[in-house]
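**Q** What follows is target34.cif, mmCIF, C-alpha atoms and all ligand atoms.
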data_query
#
loop_
_atom_site.label_atom_id
_atom_site.label_comp_id
_atom_site.auth_asym_id
_atom_site.auth_seq_id
_atom_site.Cartn_x
_atom_site.Cartn_y
_atom_site.Cartn_z
CA MET A 1 -3.13 15.17 12.48
CA GLY A 2 -2.79 14.64 16.17
CA TRP A 3 -2.03 12.20 18.94
CA ASN A 4 -4.31 9.70 20.72
CA SER A 5 -3.83 8.03 24.09
CA TRP A 6 -4.97 4.49 23.26
CA ASN A 7 -2.02 2.83 21.51
CA TRP A 8 0.36 3.58 24.36
CA PHE A 9 -1.66 4.22 27.53
CA ALA A 10 -4.83 2.20 26.78
CA ASP A 11 -7.04 2.21 29.91
CA LYS A 12 -4.31 3.72 32.11
CA VAL A 13 -4.52 7.24 30.65
CA THR A 14 -4.98 10.12 33.09
CA ASP A 15 -5.44 13.89 33.03
CA ALA A 16 -1.72 14.28 33.84
CA ASP A 17 -0.76 12.09 30.84
CA ILE A 18 -2.83 14.26 28.50
CA ARG A 19 -1.31 17.49 29.85
CA LYS A 20 2.17 16.02 29.50
CA ALA A 21 1.39 14.87 25.95
CA ALA A 22 0.23 18.39 25.07
CA ASP A 23 3.45 19.86 26.52
CA LEU A 24 5.57 17.41 24.55
CA ILE A 25 3.68 17.87 21.27
CA VAL A 26 4.76 21.51 21.53
CA SER A 27 8.33 21.04 22.83
CA THR A 28 9.25 18.26 20.38
CA GLY A 29 8.14 20.31 17.38
CA MET A 30 5.21 18.03 16.59
CA ARG A 31 2.69 20.87 16.83
CA ASP A 32 4.66 22.94 14.38
CA ALA A 33 4.85 19.95 12.04
CA GLY A 34 1.03 19.84 12.02
CA TYR A 35 -0.04 17.56 14.90
CA THR A 36 -3.00 19.46 16.35
CA TYR A 37 -5.51 17.18 18.07
CA VAL A 38 -4.74 15.67 21.48
CA ASN A 39 -7.28 12.88 21.75
CA ILE A 40 -8.39 11.11 24.90
CA ASP A 41 -9.54 7.63 23.96
CA ASP A 42 -11.71 5.28 26.02
CA THR A 43 -11.74 5.14 29.86
CA TRP A 44 -12.24 8.80 30.81
CA GLU A 45 -15.96 8.20 31.44
CA GLY A 46 -17.64 8.19 34.84
CA LYS A 47 -21.32 7.60 35.62
CA ARG A 48 -24.24 9.92 34.88
CA ASP A 49 -25.69 12.28 37.45
CA ALA A 50 -29.38 12.33 38.43
CA ASN A 51 -30.16 14.39 35.33
CA GLY A 52 -28.33 11.98 33.05
CA VAL A 53 -25.35 14.27 32.50
CA ILE A 54 -22.16 12.28 31.88
CA GLN A 55 -19.43 12.71 34.50
CA THR A 56 -15.73 12.02 34.23
CA ASN A 57 -14.11 9.36 36.44
CA GLU A 58 -11.38 9.98 39.03
CA LYS A 59 -8.60 9.85 36.39
CA PHE A 60 -10.02 13.05 34.85
CA PRO A 61 -11.02 15.40 37.68
CA ASP A 62 -11.96 18.40 35.51
CA MET A 63 -12.43 18.01 31.76
CA LYS A 64 -13.13 21.69 31.14
CA ALA A 65 -9.88 22.67 32.85
CA LEU A 66 -8.02 20.04 30.85
CA ALA A 67 -9.50 21.33 27.58
CA ASP A 68 -8.53 24.88 28.55
CA TYR A 69 -4.99 23.69 29.23
CA VAL A 70 -4.69 21.90 25.87
CA HIS A 71 -6.13 24.96 24.09
CA SER A 72 -3.64 27.23 25.87
CA LYS A 73 -0.88 25.28 24.09
CA GLY A 74 -2.34 26.13 20.68
CA LEU A 75 -3.73 22.60 20.34
CA LYS A 76 -7.20 21.05 20.11
CA ILE A 77 -8.70 18.31 22.23
CA GLY A 78 -10.60 15.15 21.33
CA ILE A 79 -12.72 12.72 23.28
CA TYR A 80 -14.21 9.26 22.78
CA SER A 81 -17.62 7.64 23.17
CA SER A 82 -19.83 4.89 21.79
CA PRO A 83 -23.36 4.84 20.35
CA GLY A 84 -23.94 1.83 22.61
CA PRO A 85 -24.78 1.78 26.33
CA LEU A 86 -21.17 0.74 26.98
CA THR A 87 -17.86 1.49 25.28
CA CYS A 88 -15.37 -1.16 24.17
CA ALA A 89 -13.65 -0.96 27.56
CA LYS A 90 -17.10 -1.21 29.24
CA TYR A 91 -17.35 2.40 30.35
CA GLU A 92 -20.48 4.52 29.97
CA GLY A 93 -21.54 5.07 26.31
CA SER A 94 -23.88 7.67 24.79
CA TYR A 95 -26.89 5.42 24.01
CA GLY A 96 -30.05 7.43 24.67
CA HIS A 97 -28.03 10.47 25.76
CA GLU A 98 -26.64 11.66 22.44
CA GLU A 99 -27.84 15.28 22.57
CA GLN A 100 -26.96 15.61 26.21
CA ASP A 101 -23.44 14.27 25.62
CA ALA A 102 -22.76 16.40 22.56
CA LYS A 103 -23.79 19.44 24.59
CA THR A 104 -21.55 18.41 27.49
CA TYR A 105 -18.60 17.97 25.11
CA ALA A 106 -19.30 21.39 23.57
CA ASP A 107 -19.49 22.96 27.05
CA TRP A 108 -16.14 21.39 27.94
CA GLY A 109 -14.60 22.78 24.72
CA ILE A 110 -14.11 19.49 22.90
CA ASP A 111 -13.04 19.71 19.23
CA TYR A 112 -13.09 16.06 18.09
CA LEU A 113 -15.22 13.00 18.81
CA LYS A 114 -14.20 9.41 18.08
CA TYR A 115 -17.44 7.42 18.15
CA ASP A 116 -16.86 3.70 18.50
CA LEU A 117 -19.63 1.25 17.55
CA CYS A 118 -18.72 -1.40 20.16
CA GLY A 119 -21.52 -1.53 22.73
CA LEU A 120 -24.22 -0.92 20.14
CA ARG A 121 -23.45 -4.31 18.61
CA VAL A 122 -25.06 -6.02 21.59
CA ILE A 123 -28.31 -4.19 20.90
CA MET A 124 -28.02 -4.73 17.14
CA ASN A 125 -27.79 -8.47 17.79
CA GLN A 126 -30.72 -8.43 20.20
CA GLU A 127 -33.02 -6.39 17.97
CA HIS A 128 -32.06 -7.83 14.60
CA PRO A 129 -30.51 -11.27 15.07
CA ASN A 130 -29.20 -12.70 11.79
CA ASP A 131 -30.16 -9.62 9.80
CA PRO A 132 -26.94 -7.89 8.77
CA ASP A 133 -28.73 -5.27 6.66
CA ALA A 134 -30.97 -4.18 9.52
CA GLN A 135 -27.96 -4.16 11.83
CA ALA A 136 -25.98 -2.00 9.42
CA LYS A 137 -28.89 0.40 9.21
CA MET A 138 -28.99 0.64 12.99
CA ALA A 139 -25.31 1.55 13.05
CA ARG A 140 -25.77 4.18 10.35
CA ASP A 141 -28.77 5.68 12.15
CA ALA A 142 -26.84 5.80 15.42
CA TYR A 143 -23.93 7.65 13.81
CA MET A 144 -26.36 10.05 12.15
CA LYS A 145 -28.05 10.72 15.47
CA MET A 146 -24.78 11.80 17.06
CA HIS A 147 -23.85 13.85 14.00
CA LYS A 148 -27.11 15.79 14.37
CA ALA A 149 -26.51 16.15 18.10
CA ILE A 150 -23.05 17.65 17.46
CA VAL A 151 -24.45 20.09 14.92
CA LYS A 152 -27.17 21.07 17.38
CA ALA A 153 -24.63 21.55 20.17
CA GLY A 154 -23.13 24.26 17.99
CA ARG A 155 -19.40 23.64 18.45
CA PRO A 156 -17.46 22.40 15.41
CA MET A 157 -16.05 18.92 16.07
CA VAL A 158 -14.17 16.53 13.85
CA TYR A 159 -16.36 13.42 13.72
CA SER A 160 -14.48 10.11 13.61
CA LEU A 161 -16.38 6.84 13.18
CA CYS A 162 -14.91 3.65 14.58
CA GLN A 163 -16.70 1.02 12.51
CA TYR A 164 -13.70 -1.29 11.89
CA GLY A 165 -14.36 -1.28 8.13
CA ASN A 166 -17.69 -3.08 8.53
CA ASP A 167 -20.66 -2.56 6.21
CA GLN A 168 -18.51 -0.71 3.66
CA VAL A 169 -18.52 2.34 5.87
CA TRP A 170 -16.56 4.28 3.22
CA GLN A 171 -19.68 4.27 1.02
CA TRP A 172 -21.91 6.01 3.56
CA GLY A 173 -19.53 7.69 6.03
CA PRO A 174 -19.91 11.14 4.44
CA GLU A 175 -23.73 10.85 4.53
CA VAL A 176 -23.73 10.52 8.32
CA GLY A 177 -21.45 13.52 8.71
CA ALA A 178 -18.19 11.64 9.26
CA ASN A 179 -14.85 13.30 8.60
CA LEU A 180 -13.03 9.99 8.94
CA TRP A 181 -13.99 6.38 9.44
CA ARG A 182 -11.95 3.38 10.50
CA THR A 183 -11.52 0.97 7.61
CA THR A 184 -10.03 -1.90 9.63
CA GLY A 185 -9.82 -3.61 12.99
CA ASP A 186 -7.35 -2.44 15.61
CA ILE A 187 -3.73 -1.95 14.63
CA ARG A 188 -0.97 -3.48 16.79
CA ALA A 189 2.66 -2.40 17.13
CA SER A 190 4.06 -5.00 14.75
CA TYR A 191 5.17 -4.90 11.14
CA ASP A 192 2.73 -7.65 10.18
CA SER A 193 -0.26 -5.85 11.65
CA MET A 194 0.73 -2.54 10.08
CA ILE A 195 1.47 -3.88 6.61
CA LEU A 196 -1.66 -6.07 6.48
CA ILE A 197 -3.78 -3.04 7.28
CA GLY A 198 -1.88 -0.79 4.87
CA LEU A 199 -2.11 -3.16 1.91
CA SER A 200 -5.78 -3.91 2.61
CA GLN A 201 -6.57 -0.31 1.69
CA ALA A 202 -6.18 -1.06 -2.03
CA GLY A 203 -9.27 0.04 -3.91
CA LEU A 204 -10.53 2.46 -1.26
CA GLY A 205 -8.88 5.52 -2.80
CA LYS A 206 -12.01 6.68 -4.54
CA TYR A 207 -13.83 7.14 -1.23
CA ALA A 208 -11.34 9.59 0.28
CA ALA A 209 -11.52 13.30 -0.40
CA PRO A 210 -10.96 16.57 1.43
CA GLY A 211 -13.29 16.62 4.42
CA HIS A 212 -13.79 12.87 4.70
CA TRP A 213 -11.08 10.26 4.86
CA ASN A 214 -10.43 6.56 5.15
CA ASP A 215 -8.79 5.87 8.52
CA PRO A 216 -6.52 2.80 8.63
CA ASP A 217 -6.13 3.43 12.39
CA MET A 218 -3.69 5.35 14.54
CA LEU A 219 0.07 5.26 14.07
CA GLU A 220 2.23 2.78 15.96
CA VAL A 221 5.43 4.61 14.91
CA GLY A 222 7.73 4.45 17.93
CA ASN A 223 5.81 1.64 19.63
CA GLY A 224 6.59 -2.03 20.15
CA LYS A 225 9.69 -3.41 18.49
CA LEU A 226 9.24 -1.64 15.16
CA THR A 227 12.67 -1.00 13.65
CA HIS A 228 13.79 2.22 11.99
CA ASP A 229 12.92 0.81 8.54
CA GLU A 230 9.56 -0.46 9.78
CA ASN A 231 8.66 2.92 11.26
CA ILE A 232 9.58 4.52 7.92
CA ALA A 233 7.47 1.95 6.06
CA HIS A 234 4.52 2.68 8.36
CA MET A 235 4.78 6.45 8.00
CA THR A 236 5.25 6.16 4.23
CA MET A 237 2.24 3.90 3.78
CA TRP A 238 -0.01 6.20 5.83
CA ALA A 239 1.23 9.29 3.96
CA MET A 240 0.61 7.57 0.64
CA LEU A 241 -2.90 6.69 1.82
CA ALA A 242 -3.67 10.33 2.74
CA ALA A 243 -4.49 8.80 6.11
CA PRO A 244 -5.15 10.79 9.26
CA LEU A 245 -1.78 10.95 11.08
CA ILE A 246 -2.72 10.29 14.69
CA ALA A 247 0.46 9.41 16.55
CA GLY A 248 0.08 6.88 19.37
CA ASN A 249 3.51 6.63 20.92
CA ASN A 250 4.88 7.43 24.37
CA LEU A 251 5.99 11.01 23.88
CA THR A 252 7.90 11.12 27.18
CA GLU A 253 10.38 8.59 25.78
CA MET A 254 10.40 9.54 22.11
CA ASN A 255 13.92 9.34 20.68
CA ASP A 256 15.29 11.57 17.93
CA ASP A 257 14.87 8.89 15.28
CA VAL A 258 11.14 8.50 15.94
CA ARG A 259 10.66 12.25 16.24
CA GLY A 260 12.41 12.72 12.90
CA ILE A 261 10.16 10.17 11.24
CA LEU A 262 6.93 11.59 12.69
CA THR A 263 7.84 15.18 11.84
CA ASN A 264 9.42 14.75 8.40
CA ARG A 265 8.08 17.78 6.56
CA GLU A 266 8.19 16.32 3.05
CA VAL A 267 6.37 13.16 4.08
CA ILE A 268 3.74 15.16 5.96
CA ALA A 269 3.29 17.43 2.93
CA ILE A 270 2.52 14.37 0.81
CA ASP A 271 0.08 13.02 3.41
CA GLN A 272 -1.67 16.38 3.65
CA ASP A 273 -1.51 17.23 -0.06
CA LYS A 274 -4.53 19.35 -0.88
CA LEU A 275 -5.60 17.30 -3.87
CA GLY A 276 -6.47 14.67 -1.28
CA LYS A 277 -6.01 11.68 -3.61
CA GLN A 278 -5.31 8.46 -1.74
CA ALA A 279 -2.67 6.16 -3.23
CA GLU A 280 -3.51 3.02 -5.15
CA ARG A 281 -1.42 -0.04 -5.91
CA VAL A 282 0.56 -0.06 -9.15
CA PHE A 283 2.43 -3.31 -8.65
CA ALA A 284 2.28 -6.20 -6.22
CA GLY A 285 4.78 -9.03 -6.12
CA ASP A 286 5.72 -11.49 -3.40
CA GLU A 287 8.41 -9.13 -2.19
CA ILE A 288 7.76 -5.69 -3.63
CA GLU A 289 4.69 -3.43 -3.41
CA ILE A 290 4.59 -0.22 -5.46
CA TRP A 291 1.89 2.39 -4.84
CA SER A 292 1.37 5.85 -6.30
CA ARG A 293 -0.64 8.97 -5.68
CA PRO A 294 -0.92 12.15 -7.73
CA LEU A 295 -0.11 15.43 -5.97
CA SER A 296 -1.57 18.88 -6.41
CA ASP A 297 1.61 20.31 -7.97
CA GLY A 298 1.51 17.77 -10.81
CA ALA A 299 4.13 15.50 -9.25
CA VAL A 300 3.49 11.86 -8.40
CA ALA A 301 4.46 10.21 -5.12
CA LEU A 302 5.70 6.64 -5.56
CA SER A 303 6.41 4.21 -2.73
CA ILE A 304 8.44 1.08 -3.31
CA MET A 305 8.27 -1.25 -0.35
CA ASN A 306 10.09 -4.47 0.34
CA VAL A 307 7.45 -6.37 2.26
CA SER A 308 9.43 -9.61 2.38
CA GLY A 309 11.69 -10.77 5.17
CA ASP A 310 14.85 -10.42 3.07
CA ARG A 311 16.96 -7.79 1.39
CA ASN A 312 15.71 -7.19 -2.15
CA THR A 313 17.46 -5.77 -5.21
CA MET A 314 14.41 -5.59 -7.48
CA ARG A 315 16.35 -7.49 -10.13
CA GLY A 316 14.16 -8.27 -13.11
CA LEU A 317 11.48 -5.88 -11.95
CA ARG A 318 10.68 -2.86 -14.10
CA LEU A 319 9.81 0.36 -12.28
CA PRO A 320 6.25 1.17 -13.41
CA LEU A 321 7.08 4.73 -14.48
CA LYS A 322 4.99 4.50 -17.65
CA GLU A 323 1.97 3.40 -15.62
CA VAL A 324 2.15 6.50 -13.46
CA GLY A 325 2.54 8.95 -16.32
CA PHE A 326 6.26 9.02 -17.09
CA PRO A 327 6.85 6.91 -20.24
CA ASN A 328 10.20 8.60 -20.89
CA GLY A 329 11.59 8.40 -17.37
CA ALA A 330 11.13 10.86 -14.55
CA HIS A 331 13.07 13.25 -12.42
CA ALA A 332 13.12 11.67 -8.97
CA HIS A 333 13.46 13.18 -5.53
CA ASP A 334 14.10 10.75 -2.68
CA VAL A 335 11.70 11.95 0.01
CA TRP A 336 13.29 10.26 3.04
CA THR A 337 16.91 11.11 2.25
CA GLY A 338 16.02 14.52 0.78
CA LYS A 339 18.33 13.84 -2.17
CA ASP A 340 17.60 14.55 -5.82
CA LEU A 341 18.34 11.44 -7.84
CA GLY A 342 18.23 13.10 -11.25
CA MET A 343 16.52 11.26 -14.11
CA ILE A 344 15.54 7.67 -13.47
CA LYS A 345 14.46 5.03 -15.98
CA ASP A 346 12.14 2.09 -15.59
CA THR A 347 15.10 -0.27 -15.84
CA ASP A 348 16.87 1.28 -12.84
CA VAL A 349 17.46 -1.17 -10.03
CA MET A 350 17.16 -0.32 -6.36
CA THR A 351 18.35 -2.25 -3.36
CA ILE A 352 15.87 -2.13 -0.52
CA PRO A 353 16.51 -3.68 2.89
CA LYS A 354 14.07 -6.04 4.58
CA HIS A 355 10.86 -4.09 5.40
CA GLY A 356 12.52 -1.03 3.83
CA THR A 357 10.90 1.63 1.69
CA VAL A 358 11.93 4.04 -1.01
CA MET A 359 9.60 7.01 -1.34
CA LEU A 360 10.02 9.13 -4.45
CA LYS A 361 8.50 12.31 -5.72
CA LEU A 362 8.46 12.14 -9.50
CA THR A 363 8.28 15.06 -11.90
CA LYS A 364 8.71 15.43 -15.65
C1 LIG B 1 -11.76 -0.21 20.09
C2 LIG B 1 -11.15 0.77 19.11
C3 LIG B 1 -9.79 1.21 19.62
C4 LIG B 1 -9.94 1.83 21.00
C5 LIG B 1 -10.63 0.86 21.94
C6 LIG B 1 -10.97 1.51 23.27
O1 LIG B 1 -11.04 -1.40 20.14
O2 LIG B 1 -11.05 0.22 17.83
O3 LIG B 1 -9.21 2.14 18.71
O4 LIG B 1 -10.67 3.03 20.89
O5 LIG B 1 -11.83 0.37 21.39
O6 LIG B 1 -11.66 0.67 24.12
#
How would this structure read if it were set down as structure tokens?

**A**
Amino acid sequence: MGWNSWNWFADKVTDADIRKAADLIVSTGMRDAGYTYVNIDDTWEGKRDANGVIQTNEKFPDMKALADYVHSKGLKIGIYSSPGPLTCAKYEGSYGHEEQDAKTYADWGIDYLKYDLCGLRVIMNQEHPNDPDAQAKMARDAYMKMHKAIVKAGRPMVYSLCQYGNDQVWQWGPEVGANLWRTTGDIRASYDSMILIGLSQAGLGKYAAPGHWNDPDMLEVGNGKLTHDENIAHMTMWAMLAAPLIAGNNLTEMNDDVRGILTNREVIAIDQDKLGKQAERVFAGDEIEIWSRPLSDGAVALSIMNVSGDRNTMRGLRLPLKEVGFPNGAHAHDVWTGKDLGMIKDTDVMTIPKHGTVMLKLTK
């Protein structure tokens, strides 16, 4: 769990923005809710010095001092690079300087590296045109190289691959030392983008486990024109998916509604449940999606989402309680309202607003 600069600041992010974000993660209660990593995304990079050591650019005058500041708040700090010569935003990448860069990050006190394929694709195309297998191998080797460099540098770092879901990265992510890997292209702050990404995670549950996770990209909760119900849907879907919760909103203007959604303790507890089982789909209709995940205390989390553009009353739709282990009905706790609903039956009908979500914790 953490916060990353890209979704809100993109290439405008500065040292001052990161310090302010760290301050606000503490003062808004996000740190105490579990948000720990403050991650600087692309565009911090400067050129290399005569010895090849990566420098920061003028937006980040002193990375070590910044890391010290973030650490002084009881938080951790993340950084970004690419296995290619250039990053996505065309800043300096780590190609040919992997060990040197990992050592520099360790010296600065960095705790997390997001490593974004981007610039390496140019070289993959040059060296292996029209050979997707050879290209995929090049990507894997490049990730492995940086993994080894981090281990050699001797400072523990969370290792996040940004591979946009290509080459079935979930099958080999753990082998190259990854703790998380992007399973999709970039998220945008719209319901359509969010829900398309969320639903596309069906079938990937078996690849997630403690220590290495599918990453459907950073949260857009609080960004764009997402409504209250859409922010709830987004947070629910990511919690069901046991996804990394990396907030990406403008913390200086976060309202109480968004703060409440991002810091909801029960939802976070489901996301972070130690069994680490990612949700799978139980039912898909034109309007309703129902997903479930088992939890370590024997309960089952169930999300019922109205993905259509209209209000929905689920008339004629049976709640799949039997399918998730409750043939005789279940005791239901409504996670977002915090209310116990008592026993529910599969014939119970719920009314869910457009883009709304009901998230239940079911027990016998
Ligand atoms: C890619 C990544 C984004 C972000 C940008 C930065 O698009 O997928 O998450 O890191 O690069 O340039």

**Q** Which residue is closest to Thr36 (chain A)? Choose from A:Glu266, A:Asp111, A:Asp62, A:Glu230 and count only C-alpha atoms.

**A**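 Among A:Glu266, A:Asp111, A:Asp62, A:Glu230, it is A:Asp111 that comes nearest to Thr36 (chain A).
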
**Q** From the list A:Arg140, A:Lys225, A:Lys114, A:Lys76, which residue is nearest ligand LIG 1 (chain B) when using all atoms listed in the file?

**A**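 Smallest separation from ligand LIG 1 (chain B) among the options: A:Lys114.
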
**Q** Taking all atoms listed in the file into account, which residues have an atom no farther than 7 Å from ligand LIG 1 (chain B)? I'd like them as a list in words.

**A**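 Checking all atoms listed in the file against ligand LIG 1 (chain B) at 7 Å gives Trp6, Asp41, Asp42, Thr87, Cys88, Ala89, Asp116, Cys162, Tyr164, Gly185 and Asp186 of chain A.
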
**Q** Grab the CA of Val176 (chain A) to CA of Lys145 (chain A) distance for me, in Å with one decimal place.

**A**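 Taking CA of Val176 (chain A) as the start and CA of Lys145 (chain A) as the end point, the length is 8.4 Å.
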
**Q** For Val349 (chain A), which residue out of A:Gly316, A:Gly222, A:Gly29, A:Pro210 is the nearest one, using all atoms listed in the file?

**A** A:Gly316

**Q** In file coordinates, which residues lie within 8 Å of (7.6, -0.4, 3.1) using only C-alpha atoms, given as a ChimeraX atom specification?

**A** /A:195,229-230,232-234,236-237,289,303-307,355-358

**Q** Nearest residue to Glu92 (chain A) out of A:His128, A:His71, A:Arg19, A:Arg48, using only C-alpha atoms?

**A**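 Of A:His128, A:His71, A:Arg19, A:Arg48, the one nearest Glu92 (chain A), counting only C-alpha atoms, is A:Arg48.
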
**Q** Could you check the closest approach to Asn312 (chain A) for each of A:Thr263, A:Thr351, A:Ser82, A:Asn223 and tell me which residue wins, using only C-alpha atoms?

**A** A:Thr351

**Q** Choose the residue, out of A:Ser94, A:Gln55, A:Asn264, A:Ser160, that has the smallest atom-to-atom separation from Gly338 (chain A); count only C-alpha atoms.

**A**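 Of A:Ser94, A:Gln55, A:Asn264, A:Ser160, the one nearest Gly338 (chain A), counting only C-alpha atoms, is A:Asn264.
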
**Q** Could you please determine the separation between CA of Glu58 (chain A) and CA of Asp17 (chain A) in Å, to one decimal place?

**A**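 For CA of Glu58 (chain A) relative to CA of Asp17 (chain A), the distance reads 13.6 Å.
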
**Q** Could you state the separation of CA of Asp167 (chain A) and CA of Ala136 (chain A) in Å, given to one decimal place?

**A**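 Between CA of Asp167 (chain A) and CA of Ala136 (chain A) the gap works out to 6.2 Å.
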